[in-house]
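Shown below: data_1.cif, with mmCIF, C-alpha atoms.
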data_data
loop_
_atom_site.label_atom_id
_atom_site.label_comp_id
_atom_site.auth_asym_id
_atom_site.auth_seq_id
_atom_site.Cartn_x
_atom_site.Cartn_y
_atom_site.Cartn_z
CA MET A 293 0.00 0.00 0.00
CA TYR A 294 2.78 2.38 0.95
CA LEU A 295 4.71 1.74 -2.27
CA ASN A 296 1.68 2.29 -4.50
CA GLN A 297 0.81 5.52 -2.69
CA MET A 298 4.42 6.66 -2.98
CA ALA A 299 4.28 6.17 -6.77
CA LEU A 300 1.10 8.22 -6.96
CA ASP A 301 2.56 11.05 -4.89
CA TYR A 302 5.69 11.46 -7.05
CA PRO A 303 4.20 13.61 -9.82
CA LYS A 304 3.05 16.26 -7.32
CA ARG A 305 6.52 16.88 -5.91
CA ARG A 306 8.78 15.55 -8.65
CA THR A 307 10.91 18.65 -9.09
CA ASN A 308 11.65 18.76 -5.35
CA TYR A 309 13.72 15.56 -5.47
CA THR A 310 17.34 15.00 -6.41
CA THR A 311 18.55 12.24 -8.73
CA ARG A 312 21.37 9.76 -8.39
CA LYS A 313 23.17 7.34 -10.71
CA VAL A 314 22.57 3.68 -9.87
CA ALA A 315 23.01 0.25 -11.42
CA PHE A 316 20.31 -2.43 -11.36
CA ARG A 317 20.85 -6.18 -11.63
CA ILE A 318 17.99 -7.63 -13.67
CA ALA A 319 16.70 -11.20 -14.05
CA TYR A 320 14.27 -12.15 -16.80
CA LEU A 321 12.83 -15.14 -18.61
CA GLY A 322 13.21 -14.17 -22.25
CA TRP A 323 10.86 -16.73 -23.77
CA ASN A 324 8.01 -14.29 -24.38
CA TYR A 325 10.11 -11.38 -25.62
CA SER A 326 11.72 -10.32 -28.90
CA GLY A 327 15.07 -9.87 -27.18
CA TYR A 328 16.25 -7.55 -24.43
CA ALA A 329 16.78 -4.25 -26.27
CA SER A 330 13.80 -2.08 -27.18
CA GLN A 331 12.83 -1.96 -30.86
CA GLY A 332 10.70 1.16 -30.42
CA GLN A 333 7.46 -0.81 -30.94
CA PRO A 334 6.51 -2.18 -27.51
CA GLU A 335 3.12 -3.48 -28.62
CA ALA A 336 4.15 -5.11 -31.91
CA ILE A 337 7.67 -6.16 -30.82
CA PRO A 338 7.69 -6.55 -27.01
CA THR A 339 11.08 -6.56 -25.30
CA VAL A 340 12.39 -6.78 -21.76
CA GLU A 341 13.69 -3.23 -21.96
CA ASP A 342 10.24 -1.93 -22.88
CA GLN A 343 8.84 -3.40 -19.68
CA LEU A 344 11.64 -1.88 -17.62
CA PHE A 345 11.07 1.56 -19.17
CA LYS A 346 7.36 1.29 -18.43
CA ALA A 347 7.93 0.35 -14.78
CA LEU A 348 10.53 3.09 -14.24
CA LYS A 349 8.15 5.71 -15.61
CA THR A 350 5.13 4.39 -13.74
CA CYS A 351 7.08 4.58 -10.46
CA ARG A 352 8.17 8.11 -11.41
CA LEU A 353 11.80 7.12 -10.99
CA ILE A 354 12.55 8.64 -14.40
CA GLU A 355 10.74 10.98 -16.76
CA ASN A 356 12.16 9.56 -20.00
CA MET A 357 15.06 7.40 -21.11
CA GLU A 358 16.67 10.13 -23.22
CA GLU A 359 17.53 12.22 -20.16
CA SER A 360 18.40 9.36 -17.79
CA ASP A 361 21.95 8.62 -19.02
CA TYR A 362 20.92 5.01 -19.60
CA SER A 363 23.30 2.17 -20.47
CA ARG A 364 22.94 -1.62 -20.56
CA CYS A 365 25.56 -4.31 -20.19
CA GLY A 366 24.49 -6.21 -23.28
CA ARG A 367 21.76 -7.23 -25.69
CA THR A 368 20.30 -10.73 -25.67
CA ASP A 369 18.50 -12.30 -28.62
CA LYS A 370 14.84 -13.18 -28.92
CA GLY A 371 14.00 -15.97 -26.50
CA VAL A 372 17.27 -15.71 -24.52
CA SER A 373 16.99 -15.28 -20.74
CA GLY A 374 19.13 -13.31 -18.32
CA LEU A 375 19.98 -13.79 -14.66
CA GLY A 376 22.74 -11.20 -14.42
CA GLN A 377 21.84 -8.39 -16.84
CA VAL A 378 23.00 -5.00 -15.55
CA ILE A 379 21.72 -1.54 -16.47
CA ALA A 380 22.70 1.92 -15.19
CA LEU A 381 20.82 5.21 -15.19
CA LYS A 382 19.92 8.28 -13.16
CA VAL A 383 16.82 7.77 -11.03
CA ARG A 384 14.89 9.77 -8.47
CA SER A 385 16.24 9.83 -4.96
CA LYS A 386 14.29 10.31 -1.75
CA LYS A 387 16.53 13.26 -0.93
CA LEU A 388 15.04 16.73 -1.43
CA GLN A 389 16.72 19.50 -3.37
CA GLN A 390 16.30 21.83 -0.39
CA SER A 391 18.02 19.48 2.08
CA ASP A 392 21.43 20.05 3.58
CA ASN A 393 24.24 18.81 1.30
CA PRO A 394 21.96 17.82 -1.61
CA GLU A 395 25.00 16.41 -3.46
CA GLU A 396 25.66 13.88 -0.69
CA PRO A 397 23.72 10.66 -1.54
CA LEU A 398 21.53 8.92 1.00
CA THR A 399 22.56 5.62 2.55
CA PRO A 400 20.72 2.47 1.36
CA ASP A 401 18.58 2.39 4.51
CA GLN A 402 17.49 5.99 3.91
CA GLU A 403 16.89 5.64 0.17
CA LEU A 404 13.75 4.70 -1.74
CA PRO A 405 12.96 0.93 -1.79
CA TYR A 406 13.96 0.63 -5.44
CA ILE A 407 13.78 -3.18 -5.66
CA ASP A 408 10.31 -3.69 -4.20
CA THR A 409 8.91 -0.61 -5.92
CA LEU A 410 9.94 -1.79 -9.39
CA ASN A 411 9.09 -5.45 -8.83
CA ARG A 412 5.51 -4.50 -7.96
CA MET A 413 5.20 -2.86 -11.38
CA LEU A 414 7.07 -5.43 -13.49
CA PRO A 415 5.51 -8.53 -15.13
CA SER A 416 6.12 -11.87 -13.45
CA ASP A 417 8.92 -12.88 -15.83
CA ILE A 418 11.13 -9.85 -15.00
CA ARG A 419 12.62 -9.05 -11.60
CA VAL A 420 15.09 -6.54 -10.16
CA LEU A 421 17.51 -8.47 -7.92
CA ALA A 422 19.70 -5.67 -6.59
CA TRP A 423 20.85 -2.07 -7.00
CA ALA A 424 24.18 -0.34 -6.45
CA PRO A 425 25.31 3.29 -6.20
CA VAL A 426 27.69 4.15 -9.07
CA LYS A 427 29.68 7.15 -10.20
CA ASP A 428 28.22 9.55 -12.75
CA ASP A 429 30.59 8.31 -15.45
CA PHE A 430 29.72 4.63 -14.91
CA ASN A 431 28.66 2.78 -18.05
CA ALA A 432 27.08 -0.67 -17.78
CA ARG A 433 28.52 -1.75 -21.12
CA PHE A 434 32.03 -0.38 -21.12
CA ASP A 435 32.78 -0.89 -17.40
CA CYS A 436 31.87 -4.58 -17.58
CA VAL A 437 35.04 -6.72 -17.29
CA GLY A 438 33.45 -10.05 -18.17
CA ARG A 439 30.24 -11.88 -19.05
CA THR A 440 29.21 -15.44 -18.24
CA TYR A 441 26.72 -17.43 -20.34
CA ARG A 442 25.22 -20.83 -19.67
CA TYR A 443 23.63 -23.12 -22.23
CA PHE A 444 21.60 -26.18 -21.18
CA PHE A 445 21.18 -29.31 -23.29
CA ALA A 446 20.05 -32.92 -23.04
CA ARG A 447 22.94 -35.31 -23.68
CA GLY A 448 21.10 -37.53 -26.14
CA LYS A 449 23.72 -39.60 -27.97
CA MET A 450 26.38 -36.91 -27.80
CA GLU A 451 29.88 -37.69 -26.53
CA ILE A 452 30.67 -35.16 -23.81
CA GLU A 453 34.44 -35.70 -23.83
CA ARG A 454 34.65 -34.85 -27.53
CA MET A 455 32.74 -31.65 -26.81
CA ARG A 456 35.08 -30.80 -23.92
CA THR A 457 38.06 -31.18 -26.23
CA ALA A 458 36.43 -28.75 -28.68
CA CYS A 459 35.77 -26.28 -25.83
CA ARG A 460 39.49 -26.02 -25.16
CA TYR A 461 40.10 -24.80 -28.72
CA PHE A 462 37.65 -21.93 -28.10
CA GLU A 463 39.55 -20.66 -25.06
CA GLY A 464 41.88 -17.68 -25.49
CA GLN A 465 41.85 -14.69 -27.83
CA HIS A 466 40.63 -15.49 -31.35
CA ASP A 467 38.93 -13.97 -34.36
CA PHE A 468 35.33 -15.21 -34.11
CA ARG A 469 34.01 -13.95 -37.45
CA ASN A 470 33.09 -17.52 -38.41
CA PHE A 471 30.98 -17.84 -35.24
CA CYS A 472 28.71 -14.81 -35.52
CA LYS A 473 26.14 -13.10 -37.68
CA MET A 474 27.74 -10.20 -39.52
CA ASP A 475 25.95 -6.89 -39.90
CA PRO A 476 27.88 -4.62 -42.30
CA SER A 477 25.84 -1.62 -41.15
CA LYS A 478 27.55 -1.80 -37.75
CA ASN A 479 30.98 -1.52 -39.44
CA ILE A 480 32.72 -3.75 -36.90
CA THR A 481 36.48 -3.35 -37.30
CA SER A 482 37.61 -6.26 -35.12
CA TYR A 483 36.08 -9.69 -34.54
CA GLU A 484 38.65 -10.65 -31.93
CA ARG A 485 37.17 -11.70 -28.60
CA THR A 486 38.59 -13.50 -25.58
CA ILE A 487 37.06 -16.63 -24.05
CA MET A 488 38.51 -16.89 -20.54
CA SER A 489 37.06 -20.32 -19.82
CA MET A 490 34.62 -22.82 -21.31
CA ARG A 491 33.52 -25.98 -19.55
CA ILE A 492 30.78 -28.62 -19.65
CA ASP A 493 29.27 -30.00 -16.44
CA PRO A 494 26.21 -32.03 -15.46
CA VAL A 495 23.28 -29.84 -14.41
CA GLU A 496 22.69 -29.98 -10.67
CA HIS A 497 19.36 -30.85 -9.03
CA THR A 498 18.02 -32.90 -11.95
CA GLN A 499 17.39 -36.66 -12.16
CA THR A 500 16.07 -36.93 -15.68
CA ASP A 501 18.32 -39.86 -16.64
CA ARG A 502 15.68 -42.30 -15.35
CA ILE A 503 13.17 -41.09 -17.94
CA GLY A 504 15.15 -42.59 -20.80
CA GLU A 505 18.55 -42.94 -22.37
CA GLY A 506 20.31 -39.61 -22.98
CA THR A 507 17.79 -37.50 -21.07
CA ASP A 508 20.35 -36.35 -18.48
CA PHE A 509 21.12 -32.63 -18.78
CA TYR A 510 24.43 -30.81 -19.10
CA GLN A 511 25.40 -27.16 -19.19
CA VAL A 512 28.09 -25.30 -21.08
CA GLU A 513 29.46 -22.38 -19.08
CA LEU A 514 31.60 -19.89 -20.95
CA LYS A 515 33.16 -16.71 -19.63
CA GLY A 516 34.43 -13.98 -21.92
CA THR A 517 35.19 -10.29 -22.00
CA ALA A 518 32.55 -9.62 -24.68
CA PHE A 519 30.62 -11.48 -27.37
CA LEU A 520 29.59 -10.90 -30.98
CA TRP A 521 26.04 -11.09 -32.35
CA HIS A 522 24.77 -14.72 -32.03
CA GLN A 523 28.32 -15.87 -31.16
CA VAL A 524 27.37 -18.29 -28.37
CA ARG A 525 24.62 -19.95 -30.42
CA PHE A 526 26.93 -20.54 -33.40
CA MET A 527 29.56 -21.94 -31.05
CA MET A 528 27.00 -24.32 -29.57
CA SER A 529 25.90 -25.45 -33.04
CA ILE A 530 29.43 -26.64 -33.82
CA LEU A 531 29.76 -28.25 -30.38
CA PHE A 532 26.64 -30.30 -31.06
CA LEU A 533 28.07 -31.49 -34.40
CA VAL A 534 31.25 -32.53 -32.59
CA GLY A 535 29.27 -34.27 -29.85
CA GLN A 536 27.29 -36.24 -32.44
CA GLY A 537 30.50 -37.40 -34.08
CA LEU A 538 29.71 -35.58 -37.32
CA GLU A 539 32.73 -33.30 -36.93
CA GLU A 540 36.10 -33.65 -35.23
CA PRO A 541 36.90 -31.33 -32.30
CA GLU A 542 39.65 -29.79 -34.45
CA VAL A 543 37.01 -28.18 -36.69
CA VAL A 544 36.85 -25.43 -34.05
CA ARG A 545 40.56 -24.76 -34.45
CA ASP A 546 40.17 -24.62 -38.23
CA LEU A 547 37.21 -22.23 -38.13
CA LEU A 548 39.17 -19.90 -35.84
CA ASP A 549 42.02 -19.84 -38.38
CA ILE A 550 40.97 -16.91 -40.58
CA GLU A 551 43.75 -17.53 -43.11
CA LYS A 552 42.53 -21.10 -43.59
CA VAL A 553 38.81 -20.27 -43.44
CA PRO A 554 38.42 -16.55 -44.30
CA SER A 555 34.59 -16.57 -44.32
CA LYS A 556 31.86 -18.43 -42.48
CA PRO A 557 30.60 -21.74 -43.91
CA ASP A 558 26.86 -22.31 -44.03
CA PHE A 559 25.69 -23.87 -40.75
CA PRO A 560 22.69 -22.99 -38.56
CA MET A 561 22.52 -21.41 -35.11
CA ALA A 562 21.60 -23.42 -32.05
CA SER A 563 18.28 -22.73 -30.33
CA ASP A 564 17.80 -19.57 -28.25
CA LEU A 565 15.69 -21.25 -25.53
CA PRO A 566 18.50 -22.85 -23.43
CA LEU A 567 20.76 -19.77 -23.42
CA VAL A 568 21.07 -17.61 -20.27
CA LEU A 569 23.16 -14.50 -19.67
CA TYR A 570 24.17 -15.83 -16.29
CA ASP A 571 26.30 -13.00 -14.92
CA CYS A 572 27.98 -9.70 -15.76
CA HIS A 573 31.14 -8.87 -13.85
CA PHE A 574 32.19 -5.45 -12.57
CA LYS A 575 34.91 -4.18 -10.28
CA GLU A 576 34.03 -2.64 -6.92
CA LEU A 577 30.24 -2.58 -7.23
CA ASN A 578 28.54 -2.76 -3.84
CA TRP A 579 25.28 -4.57 -4.61
CA ILE A 580 22.36 -3.87 -2.28
CA TYR A 581 19.74 -6.61 -2.08
CA SER A 582 17.25 -5.16 0.39
CA SER A 583 15.95 -1.75 1.46
CA LYS A 584 16.95 -2.50 5.05
CA THR A 585 20.62 -3.39 5.28
CA LEU A 586 21.15 -2.54 8.95
CA SER A 587 18.02 -3.94 10.57
CA TYR A 588 15.80 -7.05 10.50
CA GLU A 589 12.96 -7.29 7.97
CA SER A 590 10.22 -9.89 8.21
CA LEU A 591 9.85 -9.90 4.39
CA PRO A 592 13.19 -8.79 2.88
CA SER A 593 13.41 -8.29 -0.89
CA PRO A 594 15.47 -11.46 -1.58
CA TYR A 595 12.84 -13.52 0.25
CA ARG A 596 10.04 -11.97 -1.80
CA THR A 597 11.95 -12.78 -5.00
CA TYR A 598 12.67 -16.32 -3.81
CA GLN A 599 8.98 -16.90 -3.12
CA HIS A 600 8.11 -15.47 -6.51
CA TYR A 601 10.45 -17.87 -8.33
CA THR A 602 9.22 -20.75 -6.18
CA GLU A 603 5.76 -20.13 -7.61
CA GLU A 604 7.16 -19.85 -11.15
CA TRP A 605 9.19 -23.03 -10.68
CA THR A 606 6.16 -24.94 -9.42
CA VAL A 607 4.13 -23.95 -12.48
CA GLN A 608 6.92 -24.96 -14.87
CA MET A 609 7.51 -28.25 -13.01
CA ILE A 610 3.84 -29.18 -13.28
CA ARG A 611 4.01 -28.53 -17.02
CA SER A 612 7.21 -30.55 -17.24
CA LEU A 613 5.75 -33.46 -15.28
CA THR A 614 2.66 -33.45 -17.49
CA CYS A 615 4.86 -33.72 -20.60
CA GLN A 616 6.95 -36.38 -18.86
CA TYR A 617 3.90 -38.60 -18.29
CA TYR A 618 2.87 -38.08 -21.92
CA LEU A 619 6.40 -39.04 -22.99
CA THR A 620 6.34 -42.18 -20.83
CA LYS A 621 2.94 -43.19 -22.17
CA VAL A 622 3.92 -42.70 -25.81
CA GLY A 623 7.17 -44.57 -25.15
CA LYS A 624 5.13 -47.72 -24.50
CA LEU A 625 3.28 -47.56 -27.81
CA PRO A 626 4.06 -50.32 -30.37
CA VAL A 627 6.23 -49.76 -33.45
CA ARG A 628 7.73 -52.07 -36.05
CA MET A 629 11.47 -52.65 -35.76
CA ILE A 630 13.93 -53.00 -38.63
CA ASP A 631 13.60 -56.79 -38.44
CA ASN A 632 9.78 -56.44 -38.71
CA SER A 633 9.26 -57.44 -35.09
CA ILE A 634 6.94 -55.35 -32.91
CA ASN A 635 8.40 -53.55 -29.93
CA THR A 636 7.94 -50.30 -28.00
CA VAL A 637 8.99 -46.79 -29.02
CA GLU A 638 11.50 -46.85 -26.14
CA GLU A 639 13.21 -49.94 -27.58
CA PHE A 640 13.10 -48.42 -31.06
CA VAL A 641 14.96 -45.34 -29.75
CA LYS A 642 17.58 -47.47 -27.99
CA ASN A 643 18.36 -49.37 -31.18
CA ARG A 644 18.92 -46.39 -33.40
CA SER A 645 22.47 -45.89 -34.54
CA ARG A 646 24.79 -43.37 -32.88
CA HIS A 647 24.45 -40.95 -35.82
CA ASP A 648 20.66 -41.35 -35.86
CA HIS A 649 20.41 -42.61 -39.43
CA ASN A 650 17.10 -44.05 -40.49
CA GLN A 651 16.45 -46.46 -43.33
CA ALA A 652 16.50 -43.61 -45.85
CA GLY A 653 19.96 -42.59 -44.68
CA THR A 654 19.01 -39.17 -43.31
CA THR A 655 21.02 -37.55 -40.52
CA THR A 656 19.39 -35.79 -37.58
CA ILE A 657 21.22 -32.63 -36.49
CA VAL A 658 20.72 -31.44 -32.89
CA LEU A 659 20.10 -27.69 -32.53
CA GLY A 660 19.36 -27.61 -28.78
CA GLY A 661 16.18 -26.69 -26.97
CA GLY A 662 14.45 -29.80 -28.33
CA LYS A 663 14.94 -28.63 -31.92
CA GLU A 664 16.37 -30.85 -34.64
CA THR A 665 16.83 -30.69 -38.38
CA ARG A 666 17.26 -33.58 -40.83
CA LEU A 667 19.57 -33.79 -43.80
CA ALA A 668 19.42 -36.34 -46.60
CA LYS A 669 23.20 -36.29 -46.81
CA TYR A 670 25.54 -34.71 -44.29
CA LYS A 671 28.31 -32.49 -45.65
CA LYS A 672 31.29 -31.52 -43.52
CA VAL A 673 31.23 -27.89 -42.36
CA LEU A 674 34.50 -26.97 -44.08
CA GLU A 675 33.17 -28.34 -47.38
CA ARG A 676 30.00 -26.24 -47.36
CA PRO A 677 29.36 -23.02 -49.31
CA ARG A 678 30.64 -19.91 -47.58
CA CYS A 679 29.21 -16.45 -47.16
CA ASP A 680 30.96 -13.35 -48.48
CA PRO A 681 34.06 -12.21 -46.57
CA ASP A 682 33.61 -9.27 -44.21
CA GLU A 683 35.25 -6.77 -46.56
CA LEU A 684 33.02 -7.78 -49.48
CA LYS A 685 29.90 -7.58 -47.29
CA LYS A 686 30.82 -4.04 -46.31
CA GLU A 687 31.50 -3.06 -49.93
CA LYS A 688 28.11 -4.39 -51.04
CA PHE A 689 26.43 -2.60 -48.15
CA GLU A 690 28.02 0.72 -49.14
CA ILE A 691 26.90 0.21 -52.76
CA ARG A 692 23.32 -0.49 -51.64
CA LYS A 693 23.44 2.48 -49.30
CA LYS A 694 24.66 4.78 -52.10
CA ARG A 695 21.96 3.50 -54.47
CA LYS A 696 19.33 4.18 -51.84
CA LEU A 697 20.61 7.72 -51.25
CA ASP A 698 20.84 8.38 -54.98
CA LYS A 699 17.28 7.14 -55.45
CA GLN A 700 16.10 9.30 -52.56
CA GLU A 701 17.85 12.34 -53.99
CA GLU A 702 16.37 11.60 -57.43
CA ASN A 703 12.87 11.41 -55.97
CA GLU A 704 13.38 14.66 -54.06
CA GLN A 705 14.59 16.37 -57.25
CA LYS A 706 11.49 15.15 -59.11
CA GLU A 707 9.32 16.45 -56.29
CA ARG A 708 10.99 19.87 -56.45
CA GLU A 709 10.58 20.00 -60.25
CA TYR A 710 6.93 19.01 -59.94
CA LYS A 711 6.24 21.74 -57.36
CA SER A 712 8.10 24.26 -59.51
CA SER A 713 6.01 23.33 -62.57
CA CYS A 714 2.80 23.73 -60.54
CA ILE A 715 3.86 27.23 -59.47
CA ASP A 716 4.78 28.20 -63.05
CA SER A 717 1.42 26.97 -64.39
CA ASN A 718 -0.42 29.04 -61.82
#
Would you write out, as structure tokens, the structure that this file holds?
Amino acid sequence: MYLNQMALDYPKRRTNYTTRKVAFRIAYLGWNYSGYASQGQPEAIPTVEDQLFKALKTCRLIENMEESDYSRCGRTDKGVSGLGQVIALKVRSKKLQQSDNPEEPLTPDQELPYIDTLNRMLPSDIRVLAWAPVKDDFNARFDCVGRTYRYFFARGKMEIERMRTACRYFEGQHDFRNFCKMDPSKNITSYERTIMSMRIDPVEHTQTDRIGEGTDFYQVELKGTAFLWHQVRFMMSILFLVGQGLEEPEVVRDLLDIEKVPSKPDFPMASDLPLVLYDCHFKELNWIYSSKTLSYESLPSPYRTYQHYTEEWTVQMIRSLTCQYYLTKVGKLPVRMIDNSINTVEEFVKNRSRHDHNQAGTTTIVLGGGKETRLAKYKKVLERPRCDPDELKKEKFEIRKKRKLDKQEENEQKEREYKSSCIDSN
């Protein structure tokens, strides 16, 4: 009640309050959004950022984004989730302009309850986890010293040790142009990025291996200084090919050798669903997780958030269990085996070859997130057609851009001539 009334009272006395620069740690489930960054069309193309803007304005913490000195740590693709996204901006403080030492910020216990205030206004799939005071020149993107992603996948028939060998080739500083989507309009001058570590571990707190063969889950955790557009998903796509035995681990080394492979071969991205921006790392940020840091609270902010995710987890688990029972039931249905005997779907799955070839010789390619694609004949990645090199892409973009400008100028000239002719005729 107090928080809602506080939001309503802000417009009346808005100009009486000071502002301060803060950082927020944001968690979101990206499944229902067209990515993190706003596309300027919140109704047609909903994004996480749109919801944050809306909540910040509703709470009267900001007037508009243009004047808030806003920055974000990174952009995530459509469907990708985030547990450690960080943003920074100037927001309203509880301190009045007319107070003593208006430039001296309030302590966390004296300040507005930013976390609870925003979480009351945000949809259930977005939560503010913490806030931190920052300097006026702090930038969430450029002050970030590292980012951690996690990607979850069911093992299936993949060989984890082969994938771990491939991971080691990714580590270090490399040119990742063959593991990203190039956008010549951005005019990127360097595709070099550093992967500090990349490892594959079993996912904790799951016991899915009893459901069927290969249903146990693993996670890839990779830490890097920064990442290119779709980089992680292209890396995962190659890892899956290695895990299935369709490519050797050394294909990663070859694709990172720009002299050997100067442009990206044609291979798809892995699914967006299992990807999580797990953490963003900063130096000397003092994260505040509750409005009361010096005294006991019966319902502190972290507890509220924990209870919220407990409810979300319960809903998702019920859905998962429902699908699990369906899966078990269908697994008992009869199918004809290759020797014309009748057995269950479960036995049929167990007897499929390691490369998942059927009688027609097709190959099933794992894309993660439950997605697969089938090829009549598998072709090695290095033997596939390649896209244009970066320099050629940029040249073509400039040609298209010039044609567009020339056409626009031509149309404007025709419009001027038409208006001039109308004036002369009058």
(message) Give me, as a PyMOL selection string, all polymer residues having an atom no more than 7 Å from region 514-521 of chain A, counting all atoms listed in the file and skipping those fewer than 3 positions away in the same chain.
(response) chain A and resi 437-442+472-473+485-491
As a PDB file with C-alpha atoms, in the coordinates of the input, please: the residues near region 338-354 of chain A (cut-off 7 Å, only C-alpha atoms, same-chain neighbours under 5 positions excluded).
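Below is the file that was written, result.pdb:
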ATOM      1  CA  ALA A 299       4.280   6.170  -6.770  1.00  0.00           C
ATOM      2  CA  TYR A 302       5.690  11.460  -7.050  1.00  0.00           C
ATOM      3  CA  PRO A 303       4.200  13.610  -9.820  1.00  0.00           C
ATOM      4  CA  TYR A 325      10.110 -11.380 -25.620  1.00  0.00           C
ATOM      5  CA  SER A 326      11.720 -10.320 -28.900  1.00  0.00           C
ATOM      6  CA  GLY A 327      15.070  -9.870 -27.180  1.00  0.00           C
ATOM      7  CA  TYR A 328      16.250  -7.550 -24.430  1.00  0.00           C
ATOM      8  CA  ALA A 329      16.780  -4.250 -26.270  1.00  0.00           C
ATOM      9  CA  SER A 330      13.800  -2.080 -27.180  1.00  0.00           C
ATOM     10  CA  GLN A 333       7.460  -0.810 -30.940  1.00  0.00           C
ATOM     11  CA  SER A 360      18.400   9.360 -17.790  1.00  0.00           C
ATOM     12  CA  VAL A 383      16.820   7.770 -11.030  1.00  0.00           C
ATOM     13  CA  ARG A 384      14.890   9.770  -8.470  1.00  0.00           C
ATOM     14  CA  LEU A 410       9.940  -1.790  -9.390  1.00  0.00           C
ATOM     15  CA  MET A 413       5.200  -2.860 -11.380  1.00  0.00           C
ATOM     16  CA  LEU A 414       7.070  -5.430 -13.490  1.00  0.00           C
TER      17      LEU A 414
END
Suppose a student applies the PyMOL selection byres ((chain A and resi 662) around 9) to this structure; what residues should they get, written as a PDB file with C-alpha atoms, keeping the file's coordinate frame?
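Heads up, here's the output in out_23.pdb:
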ATOM      1  CA  PHE A 445      21.180 -29.310 -23.290  1.00  0.00           C
ATOM      2  CA  ALA A 446      20.050 -32.920 -23.040  1.00  0.00           C
ATOM      3  CA  SER A 563      18.280 -22.730 -30.330  1.00  0.00           C
ATOM      4  CA  VAL A 658      20.720 -31.440 -32.890  1.00  0.00           C
ATOM      5  CA  LEU A 659      20.100 -27.690 -32.530  1.00  0.00           C
ATOM      6  CA  GLY A 660      19.360 -27.610 -28.780  1.00  0.00           C
ATOM      7  CA  GLY A 661      16.180 -26.690 -26.970  1.00  0.00           C
ATOM      8  CA  LYS A 663      14.940 -28.630 -31.920  1.00  0.00           C
ATOM      9  CA  GLU A 664      16.370 -30.850 -34.640  1.00  0.00           C
TER      10      GLU A 664
END
(request) Find the residues near region 530-540 of chain A: any atom within 7 Å, counting only C-alpha atoms, skip ones fewer than 6 places away on the same chain, and give them as a PyMOL selection string. (result) chain A and resi 449-452+454-455+458+647+658+672
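Note that CA of Arg460 (chain A) and CA of Lys671 (chain A) are 24.2 Å apart.
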(request) Might you pull out every residue within 10 Å of Phe689 (chain A), with all atoms listed in the file counted and same-chain residues fewer than 6 positions away left off, and present them as a VMD selection string? (result) chain A and resid 475 to 477 479 683 695
(request) Starting from the displayed file, determine the output of the PyMOL selection byres ((chain A and resi 639-642) around 9) and express the residue list as a list in words. (result)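 Against this file, the PyMOL selection byres ((chain A and resi 639-642) around 9) returns the residues Glu505, Gly623, Lys624, Val627, Arg628, Met629, Ile630, Asn635, Thr636, Val637, Glu638, Asn643, Arg644 and Ser645 of chain A.
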(message) I want to know what sits within 12 Å of Asp361 (chain A), based on all atoms listed in the file, with residues of the same chain fewer than 5 positions away left out; could you give that as a list of chain:residue names?
(response)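 With the cut-off at 12 Å, the set is A:Thr311, A:Arg312, A:Lys313, A:Val314, A:Ala315, A:Ile354, A:Glu355, A:Asn356, A:Ile379, A:Ala380, A:Leu381, A:Lys382, A:Val383, A:Lys427, A:Asp428, A:Asp429, A:Phe430, A:Asn431, A:Ala432.
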(message) Nearest residue to Tyr443 (chain A) out of A:Asp401, A:Glu707, A:Asp564, A:Asp682, using all atoms listed in the file?
(response)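 Among the listed residues, the smallest separation from Tyr443 (chain A) belongs to A:Asp564.
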